[in-house]
Every structure is written in structure tokens, then in C-alpha cells.
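K.L.:
One structure, pasted below without further comment.
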Amino acid sequence: MEASEDLKMTCNECQELLPERAMGQLDGEADESVGRHLSDCGECRAQWEILSLGLADLKHWEVEEPSKDLSSRAMAAIRLEAERPVGLWARIDRSLGRFASHRPTWLTGLATVAVTVVLLGQVLAPNFSRGRSSSDGSACQRNLKVFTQALESYRKEHAGTFPDQLSQLRPDYLKVLPDCPDTGEDSYSPGYQVSADHHSYTLKCAPDK
Amino acid sequence: MPSAWVWLVFSLSMLIFTASMLTLREGRRFLSRPLSASEQRVVLAALKLDEEQEGRAHPLLVAMLREHRIRAMDRMTFARPEERSAFGYTDERGRILLNPNLCFTCQQMLAPRLLTGVAESDLVATLATLQHEVRHLVSGASETMAYEEEWRYVCRTRSWCVQNEMPGLSLELLDWERHLPARVRLHVGQAAAGPMQLRIGGRNDFRESPGACE
């Protein structure tokens with residue numbers, strides 16, 4: 001049972017653990033598993049031998065002391081780099097790097113989206129303002145003039161009497177009953193009043209009624 | 001969270017999208033369409049009246065009508081309030097756009113059997129508007145100058161109508177003239193409106209003006 005579990009260690013897993021084994025940092029159980037895999041797998045064993053030889057060579061390698069002016073040369077190079085003029089792209093990149101270190105939270109993201117939606121709403125708002133008022137009421141005055149003409153024609157054809165309601169003007173006198181362009185609603189019907197004998201009338205745009 | 005680059009690209013694309021929408025909206029403020037047959041009849045009648053009254057129709061207006069450069073405003077969804085209430089507009093391509101809701105009101109609303117010819121109310125609105133707009137086109141006149149010329153033209157035409165016994169038309173012209181001071185005040189300002197009326201008729205009693213040139 002135990003042997004079948006050891007066999008499950010793949011070559012990749014084994015080779016990942018080889019550097020740690022070479023440095024002596026593997027615990028006992030893992031070390032044994034890797035050892036067992038190495039005894040069965042020729043390819044991994046070859047890798048292990050290369051690694052072991054390399055480490056053995058490193059132990060005999062003599063490290064030279066750095067020269068005494070290394071520190072001053074390094075500082076001069078850094079100073080030179082700092083004084084070099086920075087290009088536009090490098091500046092943008094640096095600013096973005098700084099921005100990236102303060103990554104926005106979800107709250108900032110939501111705020112950005114909300115601002116965008118509001119901006120778009122402002123841009124597209126006139127789409128929904130078909131009935132928005134004109135500035136000087138000219139269109140309303142023109143409508144009243146047409147009503148007057150239609151009412152006059154009605155009177156001529158009805159023995160000098162005016163209709164009870166403006167809706168009676170359709171379809172013989174008016175193609176449509178217009179809404180007031182300034183209020184966006186039919187404010188003429190409430191503003192129409194006919195006398196008891198139907199011989200006179202008053203008509204005005206009455207949006208508040 | 002997305003990286004700073006993603007935010008940058010997102011913000012830039014939103015900016016470009018918003019700018020495109022604004023451009024689209026501005027472009028759609030002055031949509032226009034060719035005049036319909038009945039509207040063209042009103043414009044023709046207006047030019048004919050101009051010809052009878054002045055001796056010849058304004059050559060530029062005749063040419064513009066022939067070249068279909070006198071058009072009607074269309075779907076004023078994106079128009080501003082002052083543009084909705086404008087009778088006419090001279091666009092950047094040198095075309096005159098007439099507001100069909102104001103210039104052809106009778107054509108649009110009255111039952112066909114009542115419209116034997118062209119309604120005088122439409123005729124006056126169209127003629128006065130064309131005369132106003134053509135001043136902008138011919139001499140690049142300011143709004144003040146264009147209104148003054150329109151006012152003078154209306155006065156002249158009304159006198160001619162009275163002389164030629166055209167009571168319906170002269171009444172319509174008088175009505176138009178009655179509303180002119182308010183429109184001048186609104187679009188040009190009180191400071192310019194008073195002196196204008198004095199220049200035209202020697203009076204500045206706006207409220208009860210029966211017609212400045214009487």
C-alpha cells in the first residue's frame with residue numbers, strides 16, 4: 001500500500017523537491033519518498049546527479065572580495081540615472097505605478113460607474129423631453145389661432161352656435177386635437193367655456209385646471 | 001480589483017463614448033427634411049405674395065426653393081427650448097429650416113375641407129420667417145437687424161394689403177406685428193427693442209401697440 005503511494009510521486013514533483021533535498025532542507029518522510037522515486041526513475045536520478053555535482057563544485061568556489069571603490073561607483077551610476085531626463089511615457093508609467101500602489105476599492109469603482117451613468121443620462125436626457133416647453137409660447141398661440149378658425153367654421157355651419165366641447169371639432173374641423181407644446185398636455189379643453197345659449201365662448205390654455 | 005491600466009482604459013473609453021454622444025446630440029439638434037407638397041404650396045404662395053408686393057420675388061429665396069434649400073425642421077428631440085419656439089433657422093450649410101409646427105400650423109391641424117387654398121395665418125408666418133432668415137443669409141445680419149428688417153417688411157406688406165383690399169391678410173399681418181415686440185424683447189432684449197420700435201414707428205408703447213407703423 002505504502003509502495004503504491006510512493007510510486008504516485010510524479011517526475012515533476014520529484015524534480016521540484018530536488019533543490020531542497022540537495023540543500024538538506026527536506027524532512028525525513030519527503031526525503032525518503034524522493035529517494036525511493038530516484039531509485040526507480042533513471043531520468044530524475046540523472047537530474048539529481050547533475051545538481052549534486054554542481055553543488056559540490058560551488059562548495060570549492062572561492063568568492064572574491066569586492067573592490068574598495070565598488071560602493072562609490074554604484075552611487076555614481078545611481079546619481080547618473082537619476083539625473084537623466086525622463087521621457088513622457090516613462091513619466092506616465094511612473095505615475096501609473098504610483099497609482100497602482102493605491103489600487104481603487106470596489107467603492108471607488110462603483111462611484112466611477114455611477115458618475116458615468118449620470119453623465120450619460122445628462123447627455124441622453126433630451127430623448128425624453130419631447131413635450132418640453134418652448135421658450136416664448138409661440139406654438140401655443142398658433143394652436144389657439146387654429147382653434148379659433150375651426151370654431152368659426154363650426155359656427156357658420158351650425159346656425160351661429162358653438163360646440164359644447166372642443167372634441168366635437170374632430171374630425172370635420174380639426175384633423176387632431178393638439179396638446180399644448182408648452183405643457184405637453186391637452187390644456188385647451190379645460191380652458192374652453194361656451195355660454196348657455198352657445199352663441200359665444202372663451203378659450204385659453206389652462207394647464208393648471 | 002482590476003489593475004490601474006484597466007481603469008485607465010475604461011475611463012478613456014467612457015470619455016470617448018461621452019464625447020461621441022455629445023457630438024451626436026449636437027448633430028441631431030438641427031435635423032431637417034424636405035418640404036412636403038402642401039408645405040411647398042405655402043412657401044410658393046408666400047413668394048408669390050412677395051412678388052406682387054415688392055415687384056419681384058426675392059431671387060435668393062426663389063433659387064433656394066428650386067434647389068430644395070428651404071426645408072422643414074424635423075424631429076426636434078434634441079433641440080433646445082429656444083430652438084423649438086423659433087419659426088425658422090438658418091443652418092451652417094446655408095439652408096433655411098422652417099418650423100412646421102409654427103409655420104404650417106393650419107396645414108397640419110385644420111381638416112382638409114376647410115383648407116381651400118393656403119391659410120392666411122400660415123402664409124404670413126412663412127413669409128415673415130423667410131424674410132427674416134434671408135437677411136441672415138444675404139448680409140450676415142445680426143438678430144437685431146434681421147428683426148428690424150422683418151418688422152419693416154411686415155409693415156410695408158400690411159399697407160399694401162390695405163391698399164389692395166385684402167382684409168384677411170392685413171388682419172393676419174397686424175396680428176403678427178402685435179406679437180413682434182414680445183418676440184424682439186425675448187430674443188434681442190428690451191434695450192434693443194425700444195429704440196427699434198421708435199425707429200420703425202416713432203412709438204415705444206409696446207403693450208398696446210396696434211401696429212408700430214400705423
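Ligands are numbered from 1 in the order shown, chains are lettered A, B, ... in the order of the C-alpha cells, and residues start at 1 in each chain.
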Tell me, which residues of range 43-94 of chain A carry DSSP alpha helix (DSSP H), written as a PyMOL selection string?
P.N.:
chain A and resi 43-59+70-83+88-94
K.L.:
Contacts of range 99-112 of chain B at 10 Å or less, counting only C-alpha atoms, minus same-chain residues fewer than 4 places along, as a PyMOL selection string?
P.N.:
(chain A and resi 138-143+145-147+149-150+169-178+181) or (chain B and resi 32+35+38-39+42-43+71-74+76+83-89+116-129)
K.L.:
Only C-alpha atoms, please: the residues just picked out, written as a short mmCIF file (atom, residue, chain, number, x, y, z; two decimals), in the first residue's frame.
P.N.:
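File written: part-v3.cif
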data_model
loop_
_atom_site.label_atom_id
_atom_site.label_comp_id
_atom_site.auth_asym_id
_atom_site.auth_seq_id
_atom_site.Cartn_x
_atom_site.Cartn_y
_atom_site.Cartn_z
CA SER A 138 -45.47 80.95 -29.85
CA ALA A 139 -46.61 77.42 -30.63
CA CYS A 140 -49.43 77.67 -28.09
CA GLN A 141 -50.60 80.95 -29.59
CA ARG A 142 -50.59 79.38 -33.05
CA ASN A 143 -52.71 76.48 -31.79
CA LYS A 145 -55.44 80.67 -33.61
CA VAL A 146 -56.26 77.41 -35.40
CA PHE A 147 -58.91 76.58 -32.78
CA GLN A 149 -60.62 79.29 -37.17
CA ALA A 150 -62.14 75.84 -36.59
CA LEU A 169 -64.49 69.71 -33.73
CA ARG A 170 -62.96 66.38 -34.74
CA PRO A 171 -62.84 65.15 -37.44
CA ASP A 172 -64.86 67.61 -39.52
CA TYR A 173 -63.00 70.75 -38.49
CA LEU A 174 -59.72 69.60 -36.98
CA LYS A 175 -57.55 66.68 -38.01
CA VAL A 176 -56.20 66.38 -34.48
CA LEU A 177 -56.83 67.97 -31.10
CA PRO A 178 -53.37 69.32 -30.33
CA PRO A 181 -46.49 72.32 -26.81
CA SER B 32 -34.33 68.69 -41.31
CA LEU B 35 -40.87 70.25 -47.56
CA SER B 38 -48.65 71.11 -49.04
CA GLU B 39 -45.82 72.91 -47.24
CA VAL B 42 -47.44 77.60 -48.64
CA VAL B 43 -43.88 78.68 -49.42
CA ARG B 71 -36.57 72.77 -45.70
CA ALA B 72 -38.63 71.90 -42.64
CA MET B 73 -37.21 71.18 -39.19
CA ASP B 74 -37.56 67.54 -38.33
CA MET B 76 -36.77 68.35 -32.65
CA GLU B 83 -34.92 76.38 -30.97
CA ARG B 84 -38.31 74.69 -30.62
CA SER B 85 -40.01 78.06 -30.48
CA ALA B 86 -38.05 79.51 -33.40
CA PHE B 87 -40.14 79.99 -36.52
CA GLY B 88 -37.11 79.48 -38.70
CA TYR B 89 -33.42 78.77 -38.59
CA THR B 116 -59.45 75.55 -49.88
CA GLY B 117 -56.16 77.33 -50.50
CA VAL B 118 -53.33 78.36 -48.26
CA ALA B 119 -54.33 79.54 -44.79
CA GLU B 120 -53.53 83.24 -44.38
CA SER B 121 -52.11 82.62 -40.95
CA ASP B 122 -49.59 80.11 -42.37
CA LEU B 123 -48.86 82.42 -45.27
CA VAL B 124 -47.96 85.35 -43.02
CA ALA B 125 -45.85 83.22 -40.65
CA THR B 126 -43.94 81.67 -43.55
CA LEU B 127 -43.42 84.93 -45.43
CA ALA B 128 -42.22 86.85 -42.37
CA THR B 129 -39.92 83.98 -41.36
#
K.L.:
If you run DSSP on the backbone here, which positions in chain A get strand (DSSP E)? Please write them as an NGL selection string.
P.N.:
:A and (192-194 or 201-203)
K.L.:
Rounded to one decimal, what separation in Å do you get between CA of Glu43 in chain A and CA of Glu20 in chain A?
P.N.:
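Interatomic distance here is 18.1 Å.
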K.L.:
Calculate how many Å separate CA of Ser153 in chain A from CA of Asp182 in chain A, rounding to one decimal.
P.N.:
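Going from CA of Ser153 in chain A over to CA of Asp182 in chain A covers 26.1 Å.
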K.L.:
To one decimal place, how far is CA of Asn12 in chain A from CA of Trp61 in chain A in Å?
P.N.:
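Between CA of Asn12 in chain A and CA of Trp61 in chain A the gap is 29.6 Å.
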K.L.:
For range 190-198 of chain A, find every residue with an atom within 6 Å (counting only C-alpha atoms), except residues of its own chain fewer than 5 positions away, and show them as number ranges by chain.
P.N.:
A: 161-162, 203-206
K.L.:
Quick one: of B:Leu180, B:Gly27, B:Val154, B:Gly189, who's nearest to Gln53 in chain B, counting only C-alpha atoms?
P.N.:
B:Val154
K.L.:
List the spatial neighbours of Glu51 in chain B as a PyMOL selection string - criterion: any atom at most 12 Å away, only C-alpha atoms, same-chain residues fewer than 5 positions off excluded.
P.N.:
chain B and resi 44-46+56-59+61-62+127+157
K.L.:
Select, from B:Arg75, B:Leu198, B:Gln163, B:Gly168, the residue with the minimum atom-to-atom distance to Glu148 in chain B, counting only C-alpha atoms.
P.N.:
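Between B:Arg75, B:Leu198, B:Gln163, B:Gly168, the residue approaching Glu148 in chain B most closely is B:Leu198.
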K.L.:
Would you mind telling me which residue in A:Glu49, A:Asp164, A:Asp179, A:Glu185 lies nearest to Gln15 in chain A when using only C-alpha atoms?
P.N.:
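Ranked by minimum distance to Gln15 in chain A, first place goes to A:Glu49.
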K.L.:
Pick out the residues sitting within 12 Å of Arg183 in chain B, and hand them over as a PDB file with C-alpha atoms, in the first residue's frame; count only C-alpha atoms, and ignore anything fewer than 6 positions along from it in its own chain.
P.N.:
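The new file around22.pdb reads:
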ATOM      1  CA  SER A 135     -39.417  79.386 -24.653  1.00  0.00           C
ATOM      2  CA  ASP A 136     -41.937  82.023 -25.709  1.00  0.00           C
ATOM      3  CA  GLY A 137     -45.291  80.260 -26.095  1.00  0.00           C
ATOM      4  CA  SER A 138     -45.467  80.952 -29.854  1.00  0.00           C
TER       5      SER A 138
ATOM      6  CA  GLU B  82     -35.436  78.414 -27.808  1.00  0.00           C
ATOM      7  CA  SER B  85     -40.015  78.057 -30.477  1.00  0.00           C
ATOM      8  CA  ALA B  86     -38.049  79.508 -33.398  1.00  0.00           C
ATOM      9  CA  PHE B  87     -40.144  79.995 -36.524  1.00  0.00           C
ATOM     10  CA  GLU B 143     -30.667  89.139 -34.895  1.00  0.00           C
ATOM     11  CA  THR B 144     -31.478  92.792 -34.145  1.00  0.00           C
ATOM     12  CA  TYR B 147     -35.936  91.573 -36.704  1.00  0.00           C
ATOM     13  CA  GLU B 148     -35.941  95.226 -37.716  1.00  0.00           C
ATOM     14  CA  GLU B 150     -38.735  91.765 -40.794  1.00  0.00           C
ATOM     15  CA  TRP B 151     -40.787  94.363 -38.940  1.00  0.00           C
ATOM     16  CA  TRP B 176     -48.145  89.140 -36.476  1.00  0.00           C
ATOM     17  CA  GLU B 177     -46.972  92.682 -35.849  1.00  0.00           C
ATOM     18  CA  GLY B 189     -33.588  92.269 -25.335  1.00  0.00           C
ATOM     19  CA  GLN B 190     -35.529  95.258 -24.069  1.00  0.00           C
ATOM     20  CA  ALA B 192     -32.680  96.969 -28.357  1.00  0.00           C
ATOM     21  CA  ALA B 193     -36.450  96.580 -28.669  1.00  0.00           C
ATOM     22  CA  PHE B 206     -45.152  98.036 -26.599  1.00  0.00           C
TER      23      PHE B 206
END
